[in-house]
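Shown here: input_14.txt, compact mmCIF, C-alpha atoms.
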```
# COMPACT_ATOMS: atom_id res chain seq x y z
CA MET A 1 -144.29 -76.10 92.21
CA SER A 2 -143.84 -73.81 95.26
CA LYS A 3 -145.02 -70.89 93.11
CA SER A 4 -148.57 -72.22 93.28
CA ILE A 5 -148.62 -73.75 96.79
CA LYS A 6 -150.90 -71.64 98.99
CA VAL A 7 -150.04 -71.20 102.68
CA ALA A 8 -151.80 -69.66 105.65
CA ILE A 9 -150.23 -66.75 107.53
CA SER A 10 -151.68 -65.32 110.73
CA PRO A 11 -152.96 -61.71 110.48
CA ASN A 12 -150.90 -61.05 113.62
CA ILE A 13 -147.73 -61.84 111.71
CA ILE A 14 -148.75 -59.73 108.70
CA ASN A 15 -149.52 -56.76 110.95
CA TRP A 16 -146.19 -57.23 112.70
CA LEU A 17 -144.37 -57.23 109.36
CA LEU A 18 -146.17 -54.08 108.21
CA ASN A 19 -145.56 -52.24 111.47
CA THR A 20 -141.99 -53.22 112.30
CA LYS A 21 -140.15 -54.83 109.39
CA LEU A 22 -140.51 -52.36 106.54
CA HIS A 23 -137.66 -49.96 105.78
CA ASP A 24 -136.84 -47.13 103.37
CA SER A 25 -135.76 -49.46 100.59
CA THR A 26 -138.84 -51.71 100.81
CA ASP A 27 -140.53 -51.60 97.40
CA ASN A 28 -144.17 -50.66 97.04
CA ASP A 29 -145.06 -54.06 95.55
CA THR A 30 -144.01 -55.77 98.79
CA ILE A 31 -146.12 -53.39 100.88
CA MET A 32 -149.16 -53.83 98.62
CA LEU A 33 -148.75 -57.62 98.68
CA LEU A 34 -148.73 -57.69 102.50
CA ARG A 35 -151.83 -55.49 102.59
CA ALA A 36 -153.57 -57.76 100.09
CA TRP A 37 -152.77 -60.76 102.29
CA LEU A 38 -154.11 -58.95 105.34
CA GLY A 39 -157.31 -57.93 103.58
CA GLY A 40 -157.86 -61.41 102.13
CA GLU A 41 -157.71 -60.28 98.49
CA LYS A 42 -154.78 -62.63 97.86
CA LYS A 43 -153.52 -65.85 99.41
CA PRO A 44 -149.76 -66.17 100.11
CA THR A 45 -147.75 -68.73 98.17
CA LEU A 46 -144.70 -70.56 99.45
CA ALA A 47 -142.50 -68.81 96.86
CA GLN A 48 -143.75 -65.38 97.93
CA VAL A 49 -143.02 -66.15 101.59
CA ARG A 50 -139.48 -67.24 100.71
CA ASP A 51 -138.99 -64.05 98.70
CA LEU A 52 -140.23 -61.83 101.54
CA SER A 53 -138.09 -63.72 104.04
CA ARG A 54 -135.05 -62.70 102.01
CA LYS A 55 -136.18 -59.12 101.33
CA LEU A 56 -137.21 -58.29 104.90
CA HIS A 57 -134.46 -60.34 106.59
CA VAL A 58 -137.04 -62.25 108.62
CA PRO A 59 -136.44 -65.98 109.30
CA PHE A 60 -138.64 -68.17 107.10
CA GLY A 61 -140.21 -70.01 110.02
CA VAL A 62 -141.42 -66.79 111.66
CA PHE A 63 -144.03 -66.37 108.91
CA PHE A 64 -145.85 -69.44 110.18
CA LEU A 65 -146.10 -68.46 113.83
CA GLU A 66 -149.51 -67.58 115.25
CA GLU A 67 -148.20 -64.60 117.26
CA ALA A 68 -145.38 -62.17 116.53
CA PRO A 69 -142.08 -63.05 118.25
CA GLN A 70 -141.33 -61.06 121.38
CA GLU A 71 -138.39 -58.70 121.36
CA SER A 72 -135.81 -58.83 124.12
CA PRO A 73 -136.44 -56.41 127.02
CA ALA A 74 -133.25 -54.55 126.04
CA MET A 75 -134.51 -53.94 122.48
CA THR A 76 -137.91 -52.83 123.80
CA GLU A 77 -136.16 -50.37 126.11
CA PHE A 78 -134.02 -49.14 123.22
CA ARG A 79 -137.14 -48.31 121.21
CA THR A 80 -138.47 -46.08 123.98
CA MET A 81 -135.48 -43.74 123.96
CA ASP A 82 -135.96 -40.03 123.32
CA SER A 83 -134.87 -40.14 119.70
CA ALA A 84 -136.64 -39.30 116.48
CA HIS A 85 -136.18 -42.77 114.97
CA ALA A 86 -135.85 -45.03 117.99
CA GLY A 87 -139.37 -46.42 117.73
CA ASN A 88 -139.11 -47.31 114.03
CA LEU A 89 -135.83 -49.09 113.47
CA SER A 90 -134.91 -50.73 110.17
CA GLN A 91 -134.25 -54.45 110.23
CA ASP A 92 -130.58 -53.77 109.47
CA LEU A 93 -130.27 -51.53 112.53
CA GLN A 94 -132.28 -53.94 114.69
CA ASP A 95 -130.01 -56.83 113.76
CA THR A 96 -126.93 -54.73 114.47
CA ILE A 97 -128.26 -53.69 117.88
CA MET A 98 -129.14 -57.29 118.74
CA LYS A 99 -125.62 -58.45 117.86
CA MET A 100 -124.15 -55.71 120.06
CA LEU A 101 -126.49 -56.61 122.91
CA GLN A 102 -125.32 -60.23 122.70
CA LEU A 103 -121.67 -59.15 122.83
CA GLN A 104 -122.41 -56.82 125.72
CA ASP A 105 -124.18 -59.60 127.65
CA TRP A 106 -121.21 -61.91 127.18
CA MET A 107 -118.72 -59.22 128.18
CA ARG A 108 -120.73 -58.28 131.27
CA ASP A 109 -120.75 -61.87 132.50
CA GLU A 110 -117.01 -62.20 131.88
CA VAL A 111 -115.76 -59.04 133.60
CA ARG A 112 -118.31 -58.42 136.37
CA GLU A 113 -116.63 -60.73 138.88
CA ASN A 114 -113.14 -59.26 138.43
CA TYR A 115 -113.84 -55.59 137.75
CA GLY A 116 -117.33 -54.80 139.02
CA GLU A 117 -119.17 -51.65 137.98
CA LEU A 118 -117.52 -48.62 136.37
CA SER A 119 -117.96 -45.60 138.63
CA PHE A 120 -118.11 -43.06 135.79
CA VAL A 121 -121.16 -44.58 134.05
CA GLY A 122 -124.03 -42.23 134.81
CA CYS A 123 -121.90 -40.04 137.09
CA CYS A 124 -123.22 -36.89 135.38
CA GLY A 125 -126.85 -38.00 135.30
CA ASN A 126 -127.96 -35.17 137.58
CA VAL A 127 -125.44 -32.57 136.41
CA THR A 128 -126.95 -29.58 134.61
CA SER A 129 -123.76 -27.61 133.98
CA THR A 130 -122.17 -28.35 130.60
CA ASP A 131 -118.87 -26.97 131.88
CA ARG A 132 -118.95 -29.47 134.73
CA ILE A 133 -119.63 -32.38 132.35
CA ILE A 134 -116.70 -31.25 130.19
CA SER A 135 -114.47 -31.21 133.27
CA VAL A 136 -115.58 -34.74 134.24
CA PHE A 137 -115.04 -35.93 130.65
CA ARG A 138 -111.46 -34.67 130.68
CA GLU A 139 -110.80 -36.32 134.03
CA VAL A 140 -112.41 -39.70 133.27
CA PHE A 141 -110.88 -40.12 129.82
CA GLN A 142 -107.58 -38.34 130.55
CA VAL A 143 -108.12 -35.76 127.82
CA SER A 144 -106.03 -32.59 127.93
CA LEU A 145 -106.83 -29.36 126.12
CA GLU A 146 -104.55 -30.31 123.21
CA TRP A 147 -105.03 -34.07 123.47
CA HIS A 148 -105.26 -34.73 119.73
CA LEU A 149 -103.29 -31.92 118.11
CA ASN A 150 -100.20 -34.09 117.59
CA CYS A 151 -102.21 -36.60 115.55
CA LYS A 152 -101.29 -36.52 111.87
CA THR A 153 -104.65 -37.61 110.46
CA ALA A 154 -108.32 -37.72 111.41
CA ASN A 155 -108.00 -41.51 111.51
CA ASP A 156 -105.31 -41.12 114.18
CA VAL A 157 -107.64 -38.90 116.22
CA PHE A 158 -110.44 -41.45 116.01
CA ASN A 159 -108.13 -44.29 117.02
CA LEU A 160 -106.87 -42.24 119.97
CA ALA A 161 -110.44 -41.59 121.16
CA ARG A 162 -111.23 -45.28 120.74
CA LYS A 163 -108.14 -46.21 122.76
CA LYS A 164 -109.21 -43.90 125.58
CA CYS A 165 -112.59 -45.64 125.61
CA ASN A 166 -110.94 -49.05 125.90
CA GLN A 167 -108.64 -47.84 128.67
CA ALA A 168 -111.73 -46.75 130.60
CA GLY A 169 -113.54 -50.07 129.99
CA ILE A 170 -115.84 -49.03 127.11
CA LEU A 171 -116.30 -51.35 124.13
CA VAL A 172 -116.22 -49.65 120.71
CA PHE A 173 -117.36 -51.45 117.55
CA MET A 174 -117.56 -50.05 114.03
CA ASN A 175 -119.11 -51.38 110.85
CA GLY A 176 -120.79 -50.13 107.71
CA ILE A 177 -122.72 -53.32 107.01
CA VAL A 178 -124.74 -55.84 108.99
CA GLY A 179 -122.21 -58.34 110.31
CA GLN A 180 -120.31 -59.71 107.31
CA ASN A 181 -123.11 -59.17 104.77
CA ASN A 182 -121.89 -56.67 102.14
CA ARG A 183 -125.38 -56.51 100.63
CA ARG A 184 -126.82 -55.02 103.83
CA LYS A 185 -125.26 -51.57 104.08
CA LEU A 186 -126.13 -49.54 107.17
CA ASN A 187 -128.05 -46.36 106.41
CA LEU A 188 -126.16 -43.26 107.52
CA LYS A 189 -129.34 -41.20 107.31
CA GLU A 190 -130.92 -43.49 109.91
CA PHE A 191 -128.06 -43.38 112.42
CA ARG A 192 -124.44 -42.34 112.84
CA ALA A 193 -123.82 -44.16 116.11
CA PHE A 194 -125.55 -45.66 119.11
CA THR A 195 -124.70 -46.33 122.74
CA LEU A 196 -125.78 -49.19 124.98
CA VAL A 197 -125.19 -47.96 128.50
CA ASP A 198 -124.31 -50.58 131.09
CA PRO A 199 -122.57 -50.14 134.46
CA VAL A 200 -120.19 -53.02 133.73
CA ALA A 201 -119.77 -53.16 129.93
CA PRO A 202 -120.86 -49.91 128.23
CA LEU A 203 -120.75 -50.17 124.44
CA ILE A 204 -120.51 -47.70 121.56
CA PHE A 205 -121.22 -48.61 117.93
CA ILE A 206 -120.05 -46.32 115.10
CA ASN A 207 -121.55 -46.39 111.61
CA ALA A 208 -118.51 -46.80 109.34
CA CYS A 209 -120.43 -45.30 106.42
CA ASP A 210 -119.78 -41.91 108.01
CA SER A 211 -116.76 -39.75 107.20
CA MET A 212 -113.79 -39.95 109.56
CA PRO A 213 -114.46 -36.46 111.04
CA GLY A 214 -118.07 -37.57 111.53
CA ARG A 215 -116.94 -40.72 113.35
CA ILE A 216 -114.71 -38.66 115.66
CA PHE A 217 -117.57 -36.39 116.68
CA SER A 218 -119.91 -39.36 117.12
CA ILE A 219 -117.59 -41.25 119.47
CA LEU A 220 -117.08 -38.15 121.65
CA HIS A 221 -120.83 -37.57 121.64
CA GLU A 222 -121.49 -41.15 122.74
CA MET A 223 -118.79 -41.05 125.42
CA THR A 224 -120.72 -38.13 126.90
CA HIS A 225 -123.93 -40.17 126.86
CA ILE A 226 -122.19 -42.81 128.97
CA LEU A 227 -121.29 -40.15 131.54
CA LEU A 228 -124.96 -39.12 131.54
CA GLY A 229 -125.99 -42.75 131.93
CA CYS A 230 -128.44 -42.98 129.04
CA SER A 231 -128.48 -45.17 125.94
CA ASN A 232 -128.68 -43.28 122.69
CA LEU A 233 -129.33 -43.45 118.96
CA TYR A 234 -127.46 -40.60 117.25
CA ASP A 235 -128.85 -39.60 113.86
CA GLU A 236 -128.28 -36.99 111.19
CA GLU A 237 -130.82 -34.48 112.52
CA GLU A 238 -129.39 -34.51 116.05
CA ILE A 239 -126.09 -33.07 114.82
CA HIS A 240 -127.85 -29.69 114.77
CA ALA A 241 -129.47 -30.09 118.19
CA ASP A 242 -127.46 -27.30 119.84
CA PHE A 243 -130.33 -24.89 119.25
CA SER A 244 -132.38 -26.76 121.87
CA ASN A 245 -131.85 -27.63 125.52
CA SER A 246 -132.16 -31.37 124.90
CA GLN A 247 -129.77 -34.03 126.09
CA GLU A 248 -128.50 -34.28 122.52
CA ALA A 249 -127.62 -30.59 122.62
CA ILE A 250 -125.62 -31.12 125.81
CA CYS A 251 -123.72 -34.04 124.29
CA ASN A 252 -123.04 -32.02 121.13
CA LYS A 253 -121.66 -29.09 123.15
CA VAL A 254 -119.42 -31.37 125.20
CA ALA A 255 -118.14 -33.22 122.11
CA ALA A 256 -117.50 -29.94 120.27
CA GLU A 257 -115.56 -28.47 123.21
CA ILE A 258 -113.44 -31.61 123.65
CA LEU A 259 -112.65 -31.65 119.93
CA VAL A 260 -112.36 -27.88 119.36
CA PRO A 261 -111.75 -26.05 122.66
CA ASP A 262 -113.15 -22.52 122.60
CA CYS A 263 -109.95 -20.86 123.76
CA LEU A 264 -107.89 -22.51 121.00
CA PHE A 265 -110.61 -21.98 118.43
CA ARG A 266 -110.96 -18.23 119.05
CA LYS A 267 -107.22 -17.70 118.90
CA LEU A 268 -106.87 -19.59 115.63
CA TRP A 269 -109.99 -18.04 114.03
CA GLN A 270 -108.90 -14.49 114.81
CA SER A 271 -105.40 -15.11 113.49
CA ARG A 272 -106.74 -15.78 109.98
CA ASN A 273 -107.65 -13.20 107.34
CA GLU A 274 -109.46 -15.32 104.72
CA GLU A 275 -113.11 -15.12 103.81
CA VAL A 276 -115.36 -16.92 106.29
CA LEU A 277 -115.77 -20.08 104.19
CA GLU A 278 -112.03 -20.52 103.69
CA ARG A 279 -111.44 -19.78 107.37
CA ILE A 280 -113.86 -22.58 108.30
CA ARG A 281 -112.05 -24.99 106.00
CA TYR A 282 -108.65 -24.08 107.48
CA VAL A 283 -109.82 -24.50 111.08
CA SER A 284 -111.45 -27.81 110.15
CA ARG A 285 -108.15 -29.12 108.79
CA PHE A 286 -106.25 -27.90 111.86
CA PHE A 287 -108.53 -29.66 114.36
CA LYS A 288 -109.24 -32.60 112.01
CA CYS A 289 -112.96 -32.17 112.56
CA SER A 290 -115.98 -31.68 110.33
CA LEU A 291 -116.77 -28.36 108.68
CA THR A 292 -120.14 -28.30 110.42
CA VAL A 293 -118.51 -28.46 113.86
CA VAL A 294 -116.37 -25.42 113.00
CA ALA A 295 -119.39 -23.53 111.66
CA ARG A 296 -121.21 -24.32 114.90
CA LYS A 297 -118.26 -23.02 116.92
CA ALA A 298 -118.17 -19.85 114.83
CA LEU A 299 -121.88 -19.33 115.48
CA SER A 300 -121.63 -19.89 119.24
CA ASN A 301 -118.77 -17.36 119.38
CA ASP A 302 -120.73 -14.77 117.34
CA PHE A 303 -118.28 -14.89 114.45
CA ILE A 304 -121.15 -15.75 112.08
CA ASN A 305 -124.95 -15.42 112.40
CA LYS A 306 -127.58 -18.14 112.29
CA GLY A 307 -128.43 -17.45 108.66
CA GLN A 308 -124.80 -17.94 107.66
CA TYR A 309 -124.61 -21.11 109.74
CA ASN A 310 -127.68 -22.58 108.03
CA TYR A 311 -126.19 -21.74 104.63
CA PHE A 312 -122.84 -23.35 105.43
CA ALA A 313 -124.45 -26.41 107.05
CA GLN A 314 -126.48 -27.06 103.90
CA LEU A 315 -123.44 -26.48 101.70
CA PHE A 316 -121.30 -28.92 103.68
CA LYS A 317 -124.08 -31.50 103.66
CA GLU A 318 -124.33 -31.30 99.85
CA GLU A 319 -120.53 -31.55 99.51
CA ALA A 320 -120.48 -34.64 101.73
CA GLU A 321 -123.25 -36.29 99.71
CA LYS A 322 -121.40 -35.62 96.43
CA TYR A 323 -118.19 -37.02 97.87
CA SER A 324 -119.99 -40.10 99.15
CA ALA A 325 -121.59 -40.69 95.75
CA LYS A 326 -118.20 -40.55 94.00
CA HIS A 327 -116.25 -42.58 96.53
CA LYS A 328 -117.84 -45.96 97.06
CA PRO A 329 -116.07 -47.97 99.78
CA SER A 330 -114.22 -51.01 98.48
CA GLY A 331 -114.13 -54.37 100.18
CA GLY A 332 -110.49 -53.94 101.19
CA ASN A 333 -108.35 -56.44 103.03
CA TYR A 334 -110.46 -58.76 105.17
CA TYR A 335 -108.14 -58.69 108.17
CA ALA A 336 -107.76 -54.91 108.06
CA MET A 337 -111.55 -54.61 107.95
CA GLN A 338 -111.95 -56.95 110.92
CA LYS A 339 -109.33 -54.98 112.82
CA SER A 340 -111.37 -51.80 112.39
CA ARG A 341 -114.70 -53.49 113.18
CA LEU A 342 -113.84 -55.49 116.30
CA ASP A 343 -113.11 -54.12 119.72
CA PRO A 344 -109.61 -54.93 121.07
CA LEU A 345 -110.92 -55.10 124.64
CA LEU A 346 -113.45 -57.77 123.66
CA LEU A 347 -110.82 -59.80 121.81
CA GLU A 348 -108.45 -59.60 124.77
CA THR A 349 -111.22 -60.82 127.07
CA VAL A 350 -112.19 -63.64 124.67
CA VAL A 351 -108.59 -64.89 124.51
CA ARG A 352 -108.23 -64.80 128.30
CA SER A 353 -111.51 -66.66 128.70
CA ILE A 354 -110.33 -69.34 126.27
CA ASP A 355 -107.07 -69.71 128.19
CA GLU A 356 -109.01 -70.08 131.43
CA GLY A 357 -111.18 -72.79 129.90
CA LYS A 358 -114.39 -70.76 130.26
CA THR A 359 -115.04 -70.15 126.56
CA SER A 360 -114.80 -72.64 123.71
CA TYR A 361 -113.25 -71.80 120.37
CA THR A 362 -116.65 -72.35 118.75
CA GLU A 363 -118.13 -69.66 120.99
CA ALA A 364 -115.17 -67.38 120.26
CA TYR A 365 -115.76 -67.72 116.51
CA ARG A 366 -119.42 -66.80 117.01
CA LEU A 367 -118.61 -63.76 119.11
CA THR A 368 -116.04 -62.43 116.65
CA ASP A 369 -117.68 -63.45 113.36
CA THR A 370 -114.60 -65.48 112.48
CA THR A 371 -113.82 -69.12 111.71
CA ARG A 372 -111.20 -71.62 112.78
CA LYS A 373 -109.09 -70.52 109.79
CA THR A 374 -109.41 -66.76 110.33
CA PHE A 375 -109.57 -66.27 114.13
CA ASP A 376 -105.81 -66.30 114.82
CA LYS A 377 -105.08 -64.03 111.85
CA VAL A 378 -107.73 -61.53 112.92
CA LEU A 379 -106.31 -61.60 116.43
CA ALA A 380 -102.79 -60.97 115.05
CA ALA A 381 -104.06 -58.03 112.98
CA VAL A 382 -105.79 -56.41 115.96
CA GLU A 383 -102.71 -56.91 118.16
CA GLY A 384 -100.47 -55.46 115.45
CA ARG A 385 -98.58 -58.69 114.83
CA GLY A 386 -99.19 -58.68 111.09
CA GLU A 387 -101.99 -59.98 108.94
CA GLN A 388 -100.56 -63.15 107.46
```

Kindly transcribe the structure held in the file into C-alpha cells.
Amino acid sequence: MSKSIKVAISPNIINWLLNTKLHDSTDNDTIMLLRAWLGGEKKPTLAQVRDLSRKLHVPFGVFFLEEAPQESPAMTEFRTMDSAHAGNLSQDLQDTIMKMLQLQDWMRDEVRENYGELSFVGCCGNVTSTDRIISVFREVFQVSLEWHLNCKTANDVFNLARKKCNQAGILVFMNGIVGQNNRRKLNLKEFRAFTLVDPVAPLIFINACDSMPGRIFSILHEMTHILLGCSNLYDEEEIHADFSNSQEAICNKVAAEILVPDCLFRKLWQSRNEEVLERIRYVSRFFKCSLTVVARKALSNDFINKGQYNYFAQLFKEEAEKYSAKHKPSGGNYYAMQKSRLDPLLLETVVRSIDEGKTSYTEAYRLTDTTRKTFDKVLAAVEGRGEQ
C-alpha cells in the first residue's frame, strides 16, 4: 500500500538533499526523482522516501521536517577548510567525521582536568621554515634520523608512527568503512586521511582502503598538520602538492623528510647502478615507503626531471589501481579488525573512566562500537592479551 501513499516534503528538504547528500555513486534516477519532486512534476510516495532514506543514508524522519537540520559548528568549520573537497563531503565521510567528533568531545572532557592542553598543538603555526618544522617534529615525536629502519615491514612502520602519536597524546583511528557497515566503503579518491585539531585531544583518522605505504605517509602528513594547528582533509590530489607553496606542500615535504631523510636517500640512490625505475623500486623497499615518495625525492634532488616524475607518478598510480582491483579486502577476524580500527589511548581512557565510575558500560559500548559480549575481547586484543 505504501507504494501509492503520497506524502508532502518541504522544498527546503529537497534542496538540502540535492546540495549536500548526493555522492559519486548516487544514480541518475535518484537525482532526477528529487528534481521532479522539487519542480512539482511528481509527488513523493512513502515507498520512495523509504528507498531514498536507505540510499542516501538520511534518517527517515528528516524527510518530513520543514527546515533542513543544522550541522554541528565543528562540521561547519570542517567544510570551510582550504581543501578541494572539504565543502562537498559524501555522506559516508560526513558520518565518519561526526563519529570522530563525538569521540574527540568525549576524550576532551575526560582528559582536560588531568592533563590540560598539549603544548605542541599549533606550535609551528607561525613558522615558515620547513627545516624548523622538521626539527620540531623530531623533537616532539622523538623521531631520530633512522627511526624506522629497523622495522621489518611497512605495517611495523605505521604501527610505530601510531605509537608515537599515542605517546604524545594524539588519537589515531583507522577504518575502511563507515563504522561497522561493510556496505559503506570509504572512497579513497575522496580522502586518504583527515585531522581534527584540538589543544586537548587532537585526532587523526586514516582511510584503511589505502595501501600501507600510503597510510604511513598520511599519518606523518597529519602529524605535521597538528604542529601547524590546522584541521585537514588529505586527498589524492594533495599528494602532489609539493609544486606549490601551500600548507599541503609544507606537510608533504616534512612527511617525506621524516620518512626518507635526504642525506640517507642521496647516499643510497647514488650507490645503485640500476635504471631509474628499478632504482626507485629498490629505494622504496628500503625505506618502506610509496614509489611516488621516492620519485618526488629524486625530483627534488635533481636526479630526475619533472617530465620523468610525471611519467612515474602516473605509472605508479595505474599499478596501484590494478593491484587494488585484484586484491579485494576480506572481512578478516573481527577482533583483529577492531584492534586496527580503535585507538589504544581511547580504550585505556574508557576503561579508567569505567573504573572511576564516570562512564557506564552502555556508554563504553557506544564509544567503541562494541557490545556486552565483545567489549572485553576487543579490549584484550588491543592490549595484546589474545583474542579469545

### Summary
Atom pair CA of Ile280 in chain A + CA of Val294 in chain A, distance 6.0 Å

### Message
Report as number ranges by chain all protein, DNA and RNA residues lying within 9 Å of range 176-186 of chain A, evaluated on only C-alpha atoms, omitting residues in the same chain fewer than 4 positions from it.
### Response
A: 92-93, 95-96, 99, 190-191, 206-210, 331, 341, 369

Test item: axis-aligned box, all listed atoms of range 206-224 of chain A, 6 Å on each side, centre and edges in Å rounded to one decimal, as lines of an AutoDock Vina configuration file:
```
center_x = -117.7
center_y = -41.6
center_z = 116.7
size_x = 19.8
size_y = 22.4
size_z = 32.5
```

### Query
With distances taken over only C-alpha atoms, which of A:Leu345, A:Ala154, A:Val382, A:Ala36 is nearest to Ser284 in chain A?
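Smallest separation from Ser284 in chain A among the options: A:Ala154.
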
### Residues within 12 Å of (-107.3, -64.0, 118.0), counting only C-alpha atoms, listed as a PyMOL selection string
chain A and resi 335+338-339+342-355+361+364-365+367-387

### Message
Every residue with an atom at most 7 Å from (-109.3, -45.7, 125.7) (file coordinates; only C-alpha atoms) is what I'm after, so could you write them as an MDAnalysis selection string?
### Response
chainID A and resid 161:168

### Query
Which residue gives the smallest distance to His225 in chain A among A:Ala249, A:Cys289, A:Leu101, A:Ala295, with only C-alpha atoms counted?
A:Ala249

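Considering the residues A:Leu33, A:Ile216, A:Val140, A:Leu149 and counting only C-alpha atoms, Val121 in chain A has its shortest atom-to-atom contact with A:Val140.
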
Atoms added to range 122-130 of chain A (all heavy atoms), reported as a PDB file, in the frame of the given file:
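This went into rebuild.pdb:
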```
ATOM      1  N   GLY A 122    -122.908 -42.930 134.194  1.00  0.00           N
ATOM      2  CA  GLY A 122    -124.030 -42.230 134.810  1.00  0.00           C
ATOM      3  C   GLY A 122    -123.632 -41.219 135.872  1.00  0.00           C
ATOM      4  O   GLY A 122    -124.504 -40.661 136.548  1.00  0.00           O
ATOM      5  N   CYS A 123    -122.337 -40.942 136.014  1.00  0.00           N
ATOM      6  CA  CYS A 123    -121.900 -40.040 137.090  1.00  0.00           C
ATOM      7  C   CYS A 123    -122.367 -38.606 136.889  1.00  0.00           C
ATOM      8  O   CYS A 123    -122.388 -37.827 137.847  1.00  0.00           O
ATOM      9  CB  CYS A 123    -120.378 -40.084 137.239  1.00  0.00           C
ATOM     10  SG  CYS A 123    -119.457 -39.397 135.842  1.00  0.00           S
ATOM     11  N   CYS A 124    -122.741 -38.255 135.661  1.00  0.00           N
ATOM     12  CA  CYS A 124    -123.220 -36.890 135.380  1.00  0.00           C
ATOM     13  C   CYS A 124    -124.732 -36.857 135.136  1.00  0.00           C
ATOM     14  O   CYS A 124    -125.243 -35.893 134.564  1.00  0.00           O
ATOM     15  CB  CYS A 124    -122.491 -36.316 134.168  1.00  0.00           C
ATOM     16  SG  CYS A 124    -120.745 -35.978 134.458  1.00  0.00           S
ATOM     17  N   GLY A 125    -125.412 -37.912 135.559  1.00  0.00           N
ATOM     18  CA  GLY A 125    -126.850 -38.000 135.300  1.00  0.00           C
ATOM     19  C   GLY A 125    -127.653 -36.853 135.857  1.00  0.00           C
ATOM     20  O   GLY A 125    -128.671 -36.458 135.272  1.00  0.00           O
ATOM     21  N   ASN A 126    -127.231 -36.272 136.963  1.00  0.00           N
ATOM     22  CA  ASN A 126    -127.960 -35.170 137.580  1.00  0.00           C
ATOM     23  C   ASN A 126    -127.240 -33.833 137.438  1.00  0.00           C
ATOM     24  O   ASN A 126    -127.603 -32.852 138.086  1.00  0.00           O
ATOM     25  CB  ASN A 126    -128.198 -35.462 139.062  1.00  0.00           C
ATOM     26  CG  ASN A 126    -129.089 -36.677 139.266  1.00  0.00           C
ATOM     27  OD1 ASN A 126    -130.071 -36.860 138.558  1.00  0.00           O
ATOM     28  ND2 ASN A 126    -128.726 -37.522 140.225  1.00  0.00           N
ATOM     29  N   VAL A 127    -126.203 -33.804 136.588  1.00  0.00           N
ATOM     30  CA  VAL A 127    -125.440 -32.570 136.410  1.00  0.00           C
ATOM     31  C   VAL A 127    -126.079 -31.727 135.314  1.00  0.00           C
ATOM     32  O   VAL A 127    -126.354 -32.215 134.216  1.00  0.00           O
ATOM     33  CB  VAL A 127    -123.969 -32.890 136.031  1.00  0.00           C
ATOM     34  CG1 VAL A 127    -123.181 -31.611 135.792  1.00  0.00           C
ATOM     35  CG2 VAL A 127    -123.312 -33.724 137.119  1.00  0.00           C
ATOM     36  N   THR A 128    -126.322 -30.469 135.596  1.00  0.00           N
ATOM     37  CA  THR A 128    -126.950 -29.580 134.610  1.00  0.00           C
ATOM     38  C   THR A 128    -125.957 -28.633 133.951  1.00  0.00           C
ATOM     39  O   THR A 128    -126.265 -28.033 132.927  1.00  0.00           O
ATOM     40  CB  THR A 128    -128.048 -28.742 135.283  1.00  0.00           C
ATOM     41  OG1 THR A 128    -127.476 -28.001 136.379  1.00  0.00           O
ATOM     42  CG2 THR A 128    -129.170 -29.634 135.809  1.00  0.00           C
ATOM     43  N   SER A 129    -124.773 -28.513 134.519  1.00  0.00           N
ATOM     44  CA  SER A 129    -123.760 -27.610 133.980  1.00  0.00           C
ATOM     45  C   SER A 129    -122.928 -28.310 132.908  1.00  0.00           C
ATOM     46  O   SER A 129    -122.250 -29.308 133.182  1.00  0.00           O
ATOM     47  CB  SER A 129    -122.831 -27.126 135.101  1.00  0.00           C
ATOM     48  OG  SER A 129    -121.677 -26.507 134.566  1.00  0.00           O
ATOM     49  N   THR A 130    -122.975 -27.774 131.676  1.00  0.00           N
ATOM     50  CA  THR A 130    -122.170 -28.350 130.600  1.00  0.00           C
ATOM     51  C   THR A 130    -120.689 -28.246 130.924  1.00  0.00           C
ATOM     52  O   THR A 130    -119.914 -29.171 130.637  1.00  0.00           O
ATOM     53  CB  THR A 130    -122.474 -27.632 129.273  1.00  0.00           C
ATOM     54  OG1 THR A 130    -123.866 -27.735 128.980  1.00  0.00           O
ATOM     55  CG2 THR A 130    -121.683 -28.258 128.130  1.00  0.00           C
TER      56      THR A 130
END
```
